[in-house]
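Asks: Contents of model.txt (compact mmCIF, N, CA and C atoms):
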```txt
# COMPACT_ATOMS: atom_id res chain seq x y z
N MET A 157 -49.91 58.16 -118.83
CA MET A 157 -50.03 56.97 -119.66
C MET A 157 -49.08 55.90 -119.13
N ALA A 158 -49.52 54.66 -119.12
CA ALA A 158 -48.73 53.55 -118.62
C ALA A 158 -47.56 53.26 -119.57
N ARG A 159 -46.47 52.81 -118.97
CA ARG A 159 -45.29 52.44 -119.74
C ARG A 159 -45.60 51.24 -120.62
N LYS A 160 -45.17 51.26 -121.87
CA LYS A 160 -45.49 50.19 -122.82
C LYS A 160 -44.23 49.49 -123.34
N ASP A 161 -43.07 49.70 -122.68
CA ASP A 161 -41.84 49.17 -123.24
C ASP A 161 -41.09 48.24 -122.29
N PHE A 162 -41.77 47.66 -121.31
CA PHE A 162 -41.10 46.81 -120.34
C PHE A 162 -41.03 45.36 -120.81
N GLN A 163 -40.16 44.58 -120.19
CA GLN A 163 -39.97 43.18 -120.52
C GLN A 163 -40.93 42.33 -119.68
N LEU A 164 -41.62 41.40 -120.34
CA LEU A 164 -42.41 40.40 -119.62
C LEU A 164 -41.49 39.30 -119.10
N THR A 165 -40.54 38.91 -119.94
CA THR A 165 -39.50 37.95 -119.57
C THR A 165 -38.21 38.45 -120.20
N GLU A 166 -37.17 37.69 -120.08
CA GLU A 166 -35.87 38.14 -120.57
C GLU A 166 -35.89 38.56 -122.04
N HIS A 167 -36.57 37.82 -122.88
CA HIS A 167 -36.52 38.07 -124.32
C HIS A 167 -37.83 38.54 -124.95
N PHE A 168 -38.89 38.66 -124.17
CA PHE A 168 -40.18 39.05 -124.74
C PHE A 168 -40.73 40.28 -124.04
N SER A 169 -41.04 41.28 -124.85
CA SER A 169 -41.51 42.55 -124.31
C SER A 169 -43.03 42.66 -124.32
N TYR A 170 -43.51 43.54 -123.49
CA TYR A 170 -44.94 43.87 -123.46
C TYR A 170 -45.39 44.31 -124.85
N HIS A 171 -44.62 45.21 -125.45
CA HIS A 171 -44.98 45.73 -126.77
C HIS A 171 -45.10 44.61 -127.79
N GLU A 172 -44.13 43.71 -127.82
CA GLU A 172 -44.14 42.60 -128.78
C GLU A 172 -45.36 41.71 -128.60
N MET A 173 -45.77 41.48 -127.37
CA MET A 173 -46.86 40.55 -127.08
C MET A 173 -48.24 41.20 -127.14
N THR A 174 -48.30 42.53 -127.30
CA THR A 174 -49.60 43.21 -127.38
C THR A 174 -49.78 44.02 -128.66
N ARG A 175 -48.76 44.11 -129.47
CA ARG A 175 -48.88 44.96 -130.67
C ARG A 175 -49.86 44.34 -131.66
N SER A 176 -50.54 45.22 -132.36
CA SER A 176 -51.49 44.81 -133.39
C SER A 176 -51.54 45.89 -134.46
N MET A 177 -51.13 45.54 -135.66
CA MET A 177 -51.19 46.49 -136.76
C MET A 177 -52.64 46.92 -137.01
N TRP A 178 -53.57 45.96 -136.88
CA TRP A 178 -54.98 46.26 -137.08
C TRP A 178 -55.42 47.34 -136.08
N ALA A 179 -55.05 47.16 -134.83
CA ALA A 179 -55.44 48.12 -133.78
C ALA A 179 -54.76 49.47 -133.98
N GLU A 180 -53.49 49.45 -134.33
CA GLU A 180 -52.76 50.71 -134.53
C GLU A 180 -53.37 51.53 -135.66
N LYS A 181 -53.70 50.89 -136.76
CA LYS A 181 -54.28 51.62 -137.90
C LYS A 181 -55.63 52.23 -137.56
N ARG A 182 -56.36 51.60 -136.64
CA ARG A 182 -57.72 52.05 -136.31
C ARG A 182 -57.80 52.75 -134.95
N HIS A 183 -56.66 52.94 -134.32
CA HIS A 183 -56.59 53.58 -133.00
C HIS A 183 -57.47 52.88 -131.98
N VAL A 184 -57.39 51.54 -131.97
CA VAL A 184 -58.16 50.70 -131.05
C VAL A 184 -57.26 50.28 -129.90
N ASP A 185 -57.75 50.44 -128.68
CA ASP A 185 -56.98 50.06 -127.50
C ASP A 185 -56.81 48.54 -127.45
N ASN A 186 -55.61 48.09 -127.18
CA ASN A 186 -55.31 46.66 -127.06
C ASN A 186 -54.49 46.43 -125.78
N THR A 187 -54.99 46.98 -124.69
CA THR A 187 -54.29 46.90 -123.41
C THR A 187 -54.86 45.79 -122.55
N PRO A 188 -54.02 44.84 -122.13
CA PRO A 188 -54.52 43.77 -121.25
C PRO A 188 -54.71 44.26 -119.82
N ASN A 189 -55.63 43.59 -119.11
CA ASN A 189 -55.78 43.89 -117.68
C ASN A 189 -54.71 43.10 -116.91
N SER A 190 -54.69 43.18 -115.61
CA SER A 190 -53.63 42.55 -114.83
C SER A 190 -53.64 41.02 -114.94
N LEU A 191 -54.80 40.40 -115.02
CA LEU A 191 -54.88 38.94 -115.16
C LEU A 191 -54.39 38.51 -116.55
N GLN A 192 -54.78 39.24 -117.58
CA GLN A 192 -54.32 38.95 -118.94
C GLN A 192 -52.81 39.15 -119.06
N LEU A 193 -52.30 40.16 -118.38
CA LEU A 193 -50.86 40.42 -118.37
C LEU A 193 -50.10 39.29 -117.68
N ALA A 194 -50.65 38.79 -116.58
CA ALA A 194 -50.03 37.64 -115.88
C ALA A 194 -50.03 36.42 -116.79
N ALA A 195 -51.10 36.22 -117.55
CA ALA A 195 -51.18 35.09 -118.48
C ALA A 195 -50.15 35.22 -119.60
N LEU A 196 -49.96 36.43 -120.11
CA LEU A 196 -48.95 36.66 -121.14
C LEU A 196 -47.56 36.33 -120.62
N GLU A 197 -47.26 36.78 -119.42
CA GLU A 197 -45.95 36.51 -118.81
C GLU A 197 -45.77 35.01 -118.63
N ASN A 198 -46.80 34.32 -118.20
CA ASN A 198 -46.76 32.87 -118.02
C ASN A 198 -46.48 32.16 -119.35
N LEU A 199 -47.17 32.57 -120.41
CA LEU A 199 -46.96 31.99 -121.74
C LEU A 199 -45.51 32.20 -122.19
N CYS A 200 -45.00 33.39 -121.99
CA CYS A 200 -43.62 33.67 -122.38
C CYS A 200 -42.64 32.80 -121.59
N ARG A 201 -42.85 32.73 -120.29
CA ARG A 201 -41.93 31.98 -119.42
C ARG A 201 -41.97 30.49 -119.70
N ARG A 202 -43.16 29.93 -119.87
CA ARG A 202 -43.31 28.47 -119.95
C ARG A 202 -43.18 27.89 -121.36
N VAL A 203 -43.41 28.71 -122.40
CA VAL A 203 -43.36 28.19 -123.77
C VAL A 203 -42.37 28.96 -124.64
N LEU A 204 -42.51 30.28 -124.71
CA LEU A 204 -41.72 31.05 -125.67
C LEU A 204 -40.25 31.15 -125.29
N GLU A 205 -39.94 31.32 -124.02
CA GLU A 205 -38.53 31.38 -123.60
C GLU A 205 -37.82 30.04 -123.85
N PRO A 206 -38.42 28.89 -123.49
CA PRO A 206 -37.74 27.63 -123.83
C PRO A 206 -37.52 27.47 -125.34
N LEU A 207 -38.49 27.89 -126.15
CA LEU A 207 -38.35 27.82 -127.60
C LEU A 207 -37.20 28.71 -128.06
N ARG A 208 -37.11 29.90 -127.52
CA ARG A 208 -36.03 30.82 -127.89
C ARG A 208 -34.67 30.28 -127.46
N ARG A 209 -34.59 29.72 -126.27
CA ARG A 209 -33.31 29.15 -125.82
C ARG A 209 -32.84 28.04 -126.77
N GLN A 210 -33.78 27.29 -127.31
CA GLN A 210 -33.44 26.20 -128.21
C GLN A 210 -33.07 26.68 -129.62
N PHE A 211 -33.79 27.68 -130.14
CA PHE A 211 -33.65 28.06 -131.55
C PHE A 211 -33.13 29.47 -131.80
N GLY A 212 -32.94 30.26 -130.78
CA GLY A 212 -32.56 31.65 -130.99
C GLY A 212 -33.80 32.51 -131.16
N PRO A 213 -33.62 33.75 -131.61
CA PRO A 213 -34.75 34.67 -131.72
C PRO A 213 -35.91 34.11 -132.55
N ILE A 214 -37.12 34.34 -132.04
CA ILE A 214 -38.34 33.97 -132.75
C ILE A 214 -39.20 35.22 -132.86
N ARG A 215 -40.09 35.23 -133.82
CA ARG A 215 -40.96 36.40 -134.03
C ARG A 215 -42.40 36.02 -133.75
N ILE A 216 -43.07 36.87 -133.00
CA ILE A 216 -44.47 36.67 -132.65
C ILE A 216 -45.33 37.49 -133.60
N ASN A 217 -46.25 36.80 -134.29
CA ASN A 217 -47.20 37.49 -135.17
C ASN A 217 -48.32 38.14 -134.37
N SER A 218 -48.78 37.43 -133.34
CA SER A 218 -49.93 37.90 -132.56
C SER A 218 -49.86 37.30 -131.17
N GLY A 219 -50.07 38.15 -130.18
CA GLY A 219 -50.16 37.70 -128.79
C GLY A 219 -51.54 38.06 -128.26
N PHE A 220 -51.57 38.93 -127.25
CA PHE A 220 -52.84 39.35 -126.67
C PHE A 220 -53.69 40.10 -127.70
N ARG A 221 -55.01 39.86 -127.63
CA ARG A 221 -55.98 40.61 -128.44
C ARG A 221 -57.15 41.00 -127.56
N SER A 222 -57.49 42.28 -127.57
CA SER A 222 -58.72 42.72 -126.92
C SER A 222 -59.89 42.17 -127.72
N GLU A 223 -61.08 42.23 -127.15
CA GLU A 223 -62.27 41.71 -127.87
C GLU A 223 -62.45 42.42 -129.21
N ARG A 224 -62.26 43.72 -129.21
CA ARG A 224 -62.46 44.48 -130.46
C ARG A 224 -61.42 44.10 -131.51
N VAL A 225 -60.16 43.92 -131.08
CA VAL A 225 -59.11 43.51 -132.02
C VAL A 225 -59.39 42.10 -132.53
N ASN A 226 -59.77 41.20 -131.64
CA ASN A 226 -60.04 39.82 -132.05
C ASN A 226 -61.16 39.77 -133.10
N GLU A 227 -62.21 40.56 -132.88
CA GLU A 227 -63.30 40.63 -133.87
C GLU A 227 -62.79 41.20 -135.19
N GLY A 228 -61.97 42.24 -135.09
CA GLY A 228 -61.46 42.91 -136.29
C GLY A 228 -60.57 42.03 -137.15
N VAL A 229 -59.82 41.13 -136.51
CA VAL A 229 -58.93 40.24 -137.28
C VAL A 229 -59.60 38.90 -137.55
N HIS A 230 -60.90 38.81 -137.23
CA HIS A 230 -61.70 37.60 -137.46
C HIS A 230 -61.19 36.40 -136.67
N GLY A 231 -60.76 36.66 -135.42
CA GLY A 231 -60.36 35.58 -134.54
C GLY A 231 -61.57 34.82 -134.03
N VAL A 232 -61.38 33.60 -133.57
CA VAL A 232 -62.49 32.81 -133.03
C VAL A 232 -62.98 33.44 -131.74
N GLY A 233 -64.25 33.28 -131.46
CA GLY A 233 -64.90 33.94 -130.34
C GLY A 233 -64.33 33.63 -128.97
N GLN A 234 -63.90 32.42 -128.74
CA GLN A 234 -63.34 32.04 -127.44
C GLN A 234 -61.82 31.89 -127.50
N SER A 235 -61.18 32.64 -128.36
CA SER A 235 -59.74 32.55 -128.56
C SER A 235 -58.97 32.77 -127.26
N LYS A 236 -57.94 31.99 -127.06
CA LYS A 236 -57.05 32.17 -125.91
C LYS A 236 -56.23 33.46 -126.03
N HIS A 237 -56.20 34.06 -127.22
CA HIS A 237 -55.55 35.37 -127.37
C HIS A 237 -56.26 36.40 -126.48
N LEU A 238 -57.57 36.24 -126.31
CA LEU A 238 -58.36 37.18 -125.50
C LEU A 238 -57.94 37.18 -124.03
N SER A 239 -57.49 36.05 -123.54
CA SER A 239 -57.09 35.95 -122.13
C SER A 239 -55.59 36.15 -121.95
N GLY A 240 -54.85 36.34 -123.03
CA GLY A 240 -53.40 36.50 -122.95
C GLY A 240 -52.68 35.17 -122.87
N GLU A 241 -53.38 34.09 -123.18
CA GLU A 241 -52.81 32.76 -123.03
C GLU A 241 -52.35 32.14 -124.35
N ALA A 242 -52.31 32.92 -125.44
CA ALA A 242 -51.94 32.37 -126.75
C ALA A 242 -51.06 33.32 -127.53
N ALA A 243 -50.26 32.71 -128.39
CA ALA A 243 -49.43 33.47 -129.33
C ALA A 243 -49.38 32.72 -130.65
N ASP A 244 -49.25 33.48 -131.73
CA ASP A 244 -49.01 32.93 -133.06
C ASP A 244 -47.56 33.23 -133.40
N ILE A 245 -46.81 32.19 -133.74
CA ILE A 245 -45.38 32.30 -133.98
C ILE A 245 -45.11 32.29 -135.48
N HIS A 246 -44.39 33.29 -135.94
CA HIS A 246 -43.99 33.38 -137.35
C HIS A 246 -43.08 32.22 -137.70
N LEU A 247 -43.30 31.65 -138.89
CA LEU A 247 -42.45 30.57 -139.38
C LEU A 247 -41.72 31.03 -140.65
N PRO A 248 -40.40 31.08 -140.61
CA PRO A 248 -39.66 31.50 -141.80
C PRO A 248 -39.71 30.47 -142.92
N ASN A 249 -39.93 29.19 -142.55
CA ASN A 249 -40.01 28.13 -143.54
C ASN A 249 -40.61 26.88 -142.89
N LEU A 250 -40.96 25.91 -143.71
CA LEU A 250 -41.61 24.70 -143.23
C LEU A 250 -40.71 23.89 -142.29
N GLU A 251 -39.45 23.76 -142.63
CA GLU A 251 -38.52 22.98 -141.80
C GLU A 251 -38.41 23.56 -140.39
N THR A 252 -38.26 24.86 -140.30
CA THR A 252 -38.19 25.52 -138.99
C THR A 252 -39.50 25.34 -138.24
N GLY A 253 -40.62 25.48 -138.95
CA GLY A 253 -41.92 25.30 -138.32
C GLY A 253 -42.08 23.91 -137.72
N ARG A 254 -41.66 22.91 -138.46
CA ARG A 254 -41.75 21.54 -137.94
C ARG A 254 -40.86 21.35 -136.71
N ALA A 255 -39.68 21.95 -136.74
CA ALA A 255 -38.77 21.84 -135.59
C ALA A 255 -39.37 22.54 -134.37
N TYR A 256 -39.91 23.75 -134.55
CA TYR A 256 -40.57 24.46 -133.45
C TYR A 256 -41.71 23.60 -132.89
N PHE A 257 -42.54 23.07 -133.78
CA PHE A 257 -43.70 22.29 -133.38
C PHE A 257 -43.28 21.08 -132.55
N ARG A 258 -42.29 20.33 -133.04
CA ARG A 258 -41.80 19.15 -132.31
C ARG A 258 -41.28 19.53 -130.92
N PHE A 259 -40.50 20.61 -130.88
CA PHE A 259 -39.92 21.03 -129.60
C PHE A 259 -41.01 21.39 -128.60
N ILE A 260 -41.97 22.21 -129.00
CA ILE A 260 -43.04 22.61 -128.09
C ILE A 260 -43.81 21.38 -127.63
N LYS A 261 -44.14 20.50 -128.55
CA LYS A 261 -44.89 19.29 -128.22
C LYS A 261 -44.15 18.43 -127.19
N GLN A 262 -42.85 18.31 -127.33
CA GLN A 262 -42.06 17.43 -126.47
C GLN A 262 -41.63 18.06 -125.15
N HIS A 263 -41.52 19.39 -125.11
CA HIS A 263 -40.89 20.02 -123.95
C HIS A 263 -41.74 21.03 -123.18
N CYS A 264 -42.91 21.35 -123.67
CA CYS A 264 -43.70 22.41 -123.02
C CYS A 264 -45.07 21.87 -122.60
N ASP A 265 -45.55 22.35 -121.47
CA ASP A 265 -46.89 22.02 -120.98
C ASP A 265 -47.86 23.02 -121.62
N ILE A 266 -48.62 22.55 -122.60
CA ILE A 266 -49.45 23.46 -123.40
C ILE A 266 -50.92 23.10 -123.32
N ASP A 267 -51.74 24.08 -123.66
CA ASP A 267 -53.17 23.85 -123.81
C ASP A 267 -53.44 23.35 -125.23
N GLN A 268 -53.06 24.15 -126.23
CA GLN A 268 -53.21 23.77 -127.62
C GLN A 268 -51.96 24.12 -128.40
N LEU A 269 -51.68 23.28 -129.39
CA LEU A 269 -50.58 23.51 -130.32
C LEU A 269 -51.11 23.20 -131.71
N LEU A 270 -51.16 24.23 -132.56
CA LEU A 270 -51.71 24.08 -133.91
C LEU A 270 -50.68 24.53 -134.93
N PHE A 271 -50.39 23.68 -135.91
CA PHE A 271 -49.58 24.09 -137.05
C PHE A 271 -50.59 24.56 -138.09
N GLU A 272 -50.73 25.88 -138.21
CA GLU A 272 -51.78 26.46 -139.04
C GLU A 272 -51.23 26.95 -140.37
N TYR A 273 -52.10 26.92 -141.37
CA TYR A 273 -51.75 27.45 -142.68
C TYR A 273 -53.04 27.85 -143.39
N ASN A 274 -52.87 28.64 -144.45
CA ASN A 274 -54.04 29.02 -145.24
C ASN A 274 -53.76 28.78 -146.72
N SER A 275 -54.75 28.98 -147.55
CA SER A 275 -54.62 28.68 -148.98
C SER A 275 -53.68 29.65 -149.69
N SER A 276 -53.32 30.74 -149.04
CA SER A 276 -52.37 31.69 -149.63
C SER A 276 -50.93 31.25 -149.42
N GLY A 277 -50.74 30.19 -148.62
CA GLY A 277 -49.40 29.69 -148.37
C GLY A 277 -48.79 30.15 -147.07
N ALA A 278 -49.47 31.04 -146.36
CA ALA A 278 -48.96 31.49 -145.06
C ALA A 278 -49.08 30.36 -144.05
N MET A 279 -48.09 30.26 -143.15
CA MET A 279 -48.15 29.25 -142.10
C MET A 279 -47.57 29.85 -140.82
N TRP A 280 -48.07 29.34 -139.71
CA TRP A 280 -47.64 29.81 -138.40
C TRP A 280 -48.00 28.74 -137.38
N ILE A 281 -47.44 28.89 -136.20
CA ILE A 281 -47.79 28.01 -135.09
C ILE A 281 -48.60 28.82 -134.09
N HIS A 282 -49.75 28.29 -133.74
CA HIS A 282 -50.57 28.85 -132.66
C HIS A 282 -50.30 27.98 -131.44
N VAL A 283 -49.93 28.60 -130.34
CA VAL A 283 -49.71 27.85 -129.10
C VAL A 283 -50.39 28.58 -127.96
N SER A 284 -51.06 27.82 -127.12
CA SER A 284 -51.66 28.40 -125.92
C SER A 284 -51.21 27.62 -124.70
N CYS A 285 -51.18 28.34 -123.59
CA CYS A 285 -50.76 27.78 -122.31
C CYS A 285 -51.59 28.48 -121.24
N CYS A 286 -52.38 27.73 -120.51
CA CYS A 286 -53.27 28.31 -119.51
C CYS A 286 -52.50 28.82 -118.30
N LEU A 287 -52.99 29.90 -117.74
CA LEU A 287 -52.40 30.45 -116.53
C LEU A 287 -52.42 29.41 -115.42
N ASP A 288 -53.52 28.68 -115.31
CA ASP A 288 -53.62 27.55 -114.38
C ASP A 288 -53.20 26.29 -115.15
N PRO A 289 -52.02 25.72 -114.86
CA PRO A 289 -51.56 24.56 -115.63
C PRO A 289 -52.50 23.36 -115.59
N ASN A 290 -53.35 23.27 -114.57
CA ASN A 290 -54.31 22.17 -114.50
C ASN A 290 -55.38 22.26 -115.58
N GLU A 291 -55.52 23.43 -116.22
CA GLU A 291 -56.50 23.61 -117.29
C GLU A 291 -55.96 23.28 -118.68
N ASN A 292 -54.65 23.04 -118.80
CA ASN A 292 -54.08 22.71 -120.10
C ASN A 292 -54.63 21.39 -120.61
N ARG A 293 -55.13 21.40 -121.85
CA ARG A 293 -55.77 20.23 -122.45
C ARG A 293 -54.81 19.36 -123.26
N HIS A 294 -53.62 19.84 -123.55
CA HIS A 294 -52.59 19.11 -124.29
C HIS A 294 -53.09 18.66 -125.67
N GLN A 295 -53.82 19.54 -126.34
CA GLN A 295 -54.32 19.25 -127.68
C GLN A 295 -53.27 19.62 -128.73
N VAL A 296 -53.01 18.71 -129.65
CA VAL A 296 -51.99 18.92 -130.67
C VAL A 296 -52.60 18.61 -132.04
N PHE A 297 -52.53 19.60 -132.94
CA PHE A 297 -53.05 19.47 -134.30
C PHE A 297 -51.96 19.86 -135.28
N PRO A 298 -51.28 18.87 -135.90
CA PRO A 298 -50.15 19.18 -136.76
C PRO A 298 -50.50 19.70 -138.16
N ASN A 299 -51.78 19.75 -138.52
CA ASN A 299 -52.15 20.15 -139.88
C ASN A 299 -53.50 20.84 -139.83
N TYR A 300 -53.53 22.08 -139.37
CA TYR A 300 -54.77 22.80 -139.11
C TYR A 300 -54.97 23.87 -140.16
N LYS A 301 -55.84 23.60 -141.14
CA LYS A 301 -56.05 24.55 -142.25
C LYS A 301 -57.06 25.62 -141.88
N ILE A 302 -56.69 26.87 -142.14
CA ILE A 302 -57.56 28.02 -141.92
C ILE A 302 -58.18 28.41 -143.25
N LYS A 303 -59.49 28.63 -143.25
CA LYS A 303 -60.17 29.07 -144.48
C LYS A 303 -59.94 30.56 -144.68
N ASN A 304 -59.64 30.96 -145.89
CA ASN A 304 -59.44 32.39 -146.22
C ASN A 304 -60.76 33.03 -146.55
```
Re-express the file's structure as structure tokens.
Replies:
Amino acid sequence: MARKDFQLTEHFSYHEMTRSMWAEKRHVDNTPNSLQLAALENLCRRVLEPLRRQFGPIRINSGFRSERVNEGVHGVGQSKHLSGEAADIHLPNLETGRAYFRFIKQHCDIDQLLFEYNSSGAMWIHVSCCLDPNENRHQVFPNYKIKN
């Protein structure tokens, strides 16, 4: 069995960026291939590490998702989570979320940046960064409501 406890970058581990409670409960494989793994490392290096250096430890709600996991959690069909190019960042509060959002927008080369929330009051930041930086669309949505 392949090792599952290595670091992708200084502060982000393979386990952290691929774990899925949905997959664990259902014994569904959520293992990225080598290209998806390279994309995860790129996302960590170019977006998540700068964010951590600025704010200290951050928590990732969701990183890579296999097709089966993405379907199971009702992710969008062409989600960047599928390619390892996206992460959802936990927000402890609105003020911190706004600070994270501003920092990423001003300092990181991104594909998409969404400040997401749902009617239950949960909020998070979705950020994607393409493995090929020429593909980054620089789309920013500061108020992206998810339907429950």
Asks: Excluding range 255-259 of chain A and its own-chain neighbours fewer than 6 positions away, which residues fall within 8 Å of it when counting all atoms listed in the file? Please give them as a PyMOL selection string.
Replies: chain A and resi 206-207+249+269-271+281+298
Asks: Put those residues in a file: N, CA and C atoms, as a PDB file, keeping the file's coordinate frame.
Replies:
```
ATOM      1  N   PRO A 206     -38.420  28.890-123.490  1.00  0.00           N
ATOM      2  CA  PRO A 206     -37.740  27.630-123.830  1.00  0.00           C
ATOM      3  C   PRO A 206     -37.520  27.470-125.340  1.00  0.00           C
ATOM      4  N   LEU A 207     -38.490  27.890-126.150  1.00  0.00           N
ATOM      5  CA  LEU A 207     -38.350  27.820-127.600  1.00  0.00           C
ATOM      6  C   LEU A 207     -37.200  28.710-128.060  1.00  0.00           C
ATOM      7  N   ASN A 249     -39.930  29.190-142.550  1.00  0.00           N
ATOM      8  CA  ASN A 249     -40.010  28.130-143.540  1.00  0.00           C
ATOM      9  C   ASN A 249     -40.610  26.880-142.890  1.00  0.00           C
ATOM     10  N   LEU A 269     -51.680  23.280-129.390  1.00  0.00           N
ATOM     11  CA  LEU A 269     -50.580  23.510-130.320  1.00  0.00           C
ATOM     12  C   LEU A 269     -51.110  23.200-131.710  1.00  0.00           C
ATOM     13  N   LEU A 270     -51.160  24.230-132.560  1.00  0.00           N
ATOM     14  CA  LEU A 270     -51.710  24.080-133.910  1.00  0.00           C
ATOM     15  C   LEU A 270     -50.680  24.530-134.930  1.00  0.00           C
ATOM     16  N   PHE A 271     -50.390  23.680-135.910  1.00  0.00           N
ATOM     17  CA  PHE A 271     -49.580  24.090-137.050  1.00  0.00           C
ATOM     18  C   PHE A 271     -50.590  24.560-138.090  1.00  0.00           C
ATOM     19  N   ILE A 281     -47.440  28.890-136.200  1.00  0.00           N
ATOM     20  CA  ILE A 281     -47.790  28.010-135.090  1.00  0.00           C
ATOM     21  C   ILE A 281     -48.600  28.820-134.090  1.00  0.00           C
ATOM     22  N   PRO A 298     -51.280  18.870-135.900  1.00  0.00           N
ATOM     23  CA  PRO A 298     -50.150  19.180-136.760  1.00  0.00           C
ATOM     24  C   PRO A 298     -50.500  19.700-138.160  1.00  0.00           C
TER      25      PRO A 298
END
```
Asks: Any idea what the distance is between CA of Cys200 in chain A and CA of Leu247 in chain A?
Replies: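 For CA of Cys200 in chain A relative to CA of Leu247 in chain A, the distance reads 17.3 Å.
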Asks: In Å, how far is it from CA of Phe297 in chain A to CA of Gly253 in chain A?
Replies: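 These atoms are spaced 13.2 Å apart.
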Asks: Please identify all polymer residues within 10 Å of Phe220 in chain A, counting only C-alpha atoms, omitting same-chain residues fewer than 3 positions from it, and present them as JSON, numbers by chain.
Replies: {"A": [170, 172, 173, 174, 175, 176, 186, 187, 188, 192, 193, 195, 196, 223, 225, 226, 235, 236, 237, 238, 239, 240, 241, 242, 243, 244]}
Asks: Just the strand (DSSP E or B) stuff from range 173-271 of chain A, please, per backbone DSSP, written as a PDB file with N, CA and C atoms, keeping the file's coordinate frame.
Replies:
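Full text of result-v3.pdb as output:
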```pdb
ATOM      1  N   ILE A 216     -43.070  36.870-133.000  1.00  0.00           N
ATOM      2  CA  ILE A 216     -44.470  36.670-132.650  1.00  0.00           C
ATOM      3  C   ILE A 216     -45.330  37.490-133.600  1.00  0.00           C
ATOM      4  N   ASN A 217     -46.250  36.800-134.290  1.00  0.00           N
ATOM      5  CA  ASN A 217     -47.200  37.490-135.170  1.00  0.00           C
ATOM      6  C   ASN A 217     -48.320  38.140-134.370  1.00  0.00           C
ATOM      7  N   SER A 218     -48.780  37.430-133.340  1.00  0.00           N
ATOM      8  CA  SER A 218     -49.930  37.900-132.560  1.00  0.00           C
ATOM      9  C   SER A 218     -49.860  37.300-131.170  1.00  0.00           C
ATOM     10  N   ALA A 242     -52.310  32.920-125.440  1.00  0.00           N
ATOM     11  CA  ALA A 242     -51.940  32.370-126.750  1.00  0.00           C
ATOM     12  C   ALA A 242     -51.060  33.320-127.530  1.00  0.00           C
ATOM     13  N   ALA A 243     -50.260  32.710-128.390  1.00  0.00           N
ATOM     14  CA  ALA A 243     -49.430  33.470-129.330  1.00  0.00           C
ATOM     15  C   ALA A 243     -49.380  32.720-130.650  1.00  0.00           C
ATOM     16  N   ASP A 244     -49.250  33.480-131.730  1.00  0.00           N
ATOM     17  CA  ASP A 244     -49.010  32.930-133.060  1.00  0.00           C
ATOM     18  C   ASP A 244     -47.560  33.230-133.400  1.00  0.00           C
ATOM     19  N   ILE A 245     -46.810  32.190-133.740  1.00  0.00           N
ATOM     20  CA  ILE A 245     -45.380  32.300-133.980  1.00  0.00           C
ATOM     21  C   ILE A 245     -45.110  32.290-135.480  1.00  0.00           C
ATOM     22  N   HIS A 246     -44.390  33.290-135.940  1.00  0.00           N
ATOM     23  CA  HIS A 246     -43.990  33.380-137.350  1.00  0.00           C
ATOM     24  C   HIS A 246     -43.080  32.220-137.700  1.00  0.00           C
ATOM     25  N   GLN A 268     -53.060  24.150-126.230  1.00  0.00           N
ATOM     26  CA  GLN A 268     -53.210  23.770-127.620  1.00  0.00           C
ATOM     27  C   GLN A 268     -51.960  24.120-128.400  1.00  0.00           C
ATOM     28  N   LEU A 269     -51.680  23.280-129.390  1.00  0.00           N
ATOM     29  CA  LEU A 269     -50.580  23.510-130.320  1.00  0.00           C
ATOM     30  C   LEU A 269     -51.110  23.200-131.710  1.00  0.00           C
ATOM     31  N   LEU A 270     -51.160  24.230-132.560  1.00  0.00           N
ATOM     32  CA  LEU A 270     -51.710  24.080-133.910  1.00  0.00           C
ATOM     33  C   LEU A 270     -50.680  24.530-134.930  1.00  0.00           C
ATOM     34  N   PHE A 271     -50.390  23.680-135.910  1.00  0.00           N
ATOM     35  CA  PHE A 271     -49.580  24.090-137.050  1.00  0.00           C
ATOM     36  C   PHE A 271     -50.590  24.560-138.090  1.00  0.00           C
TER      37      PHE A 271
END
```
Asks: May I ask which of the residues A:Ala278, A:Cys286, A:Leu164, A:Ile245 is the closest one to Asp265 in chain A, counting only N, CA and C atoms?
Replies: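 Counting only N, CA and C atoms, the residue closest to Asp265 in chain A is A:Cys286.
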Asks: Tell me, in Å to one decimal, how far CA of Val203 in chain A is from CA of Trp178 in chain A.
Replies: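 Interatomic distance here is 25.3 Å.
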Asks: So which bits of range 184-302 of chain A end up alpha helix (DSSP H) when you DSSP the backbone, as an MDAnalysis selection string?
Replies: chainID A and resid 190:199 205:211 223:228 250:263
Asks: From the list A:His246, A:Arg215, A:Arg182, A:Arg208, which residue is nearest Trp280 in chain A when using all atoms listed in the file?
Replies: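 Residue with the minimum atom-to-atom distance to Trp280 in chain A: A:His246.
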Asks: I want to know what sits within 8 Å of Gln268 in chain A, based on only C-alpha atoms, with residues of the same chain fewer than 3 positions away left out; could you give that as number ranges by chain?
Replies: A: 282-285, 292-297
Asks: Pick out the closest residue to Phe168 in chain A from this set: A:Gln262, A:Asn198, A:Leu204, A:Lys181. Count only C-alpha atoms.
Replies: A:Leu204
Asks: Find the residue from A:Gln210, A:Asp185, A:Leu199, A:Ala179 that sits nearest to Gly228 in chain A; use all atoms listed in the file when measuring.
Replies: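 For Gly228 in chain A, the nearest of the candidates is A:Ala179.
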Asks: If you take every atom of range 252-266 of chain A that the file lists and fit an axis-aligned box around them with 3 Å extra on each side, what centre and edge lengths come out in Å to one decimal, as lines of an AutoDock Vina configuration file?
Replies:
```
center_x = -44.6
center_y = 21.5
center_z = -130.6
size_x = 18.7
size_y = 14.1
size_z = 25.3
```
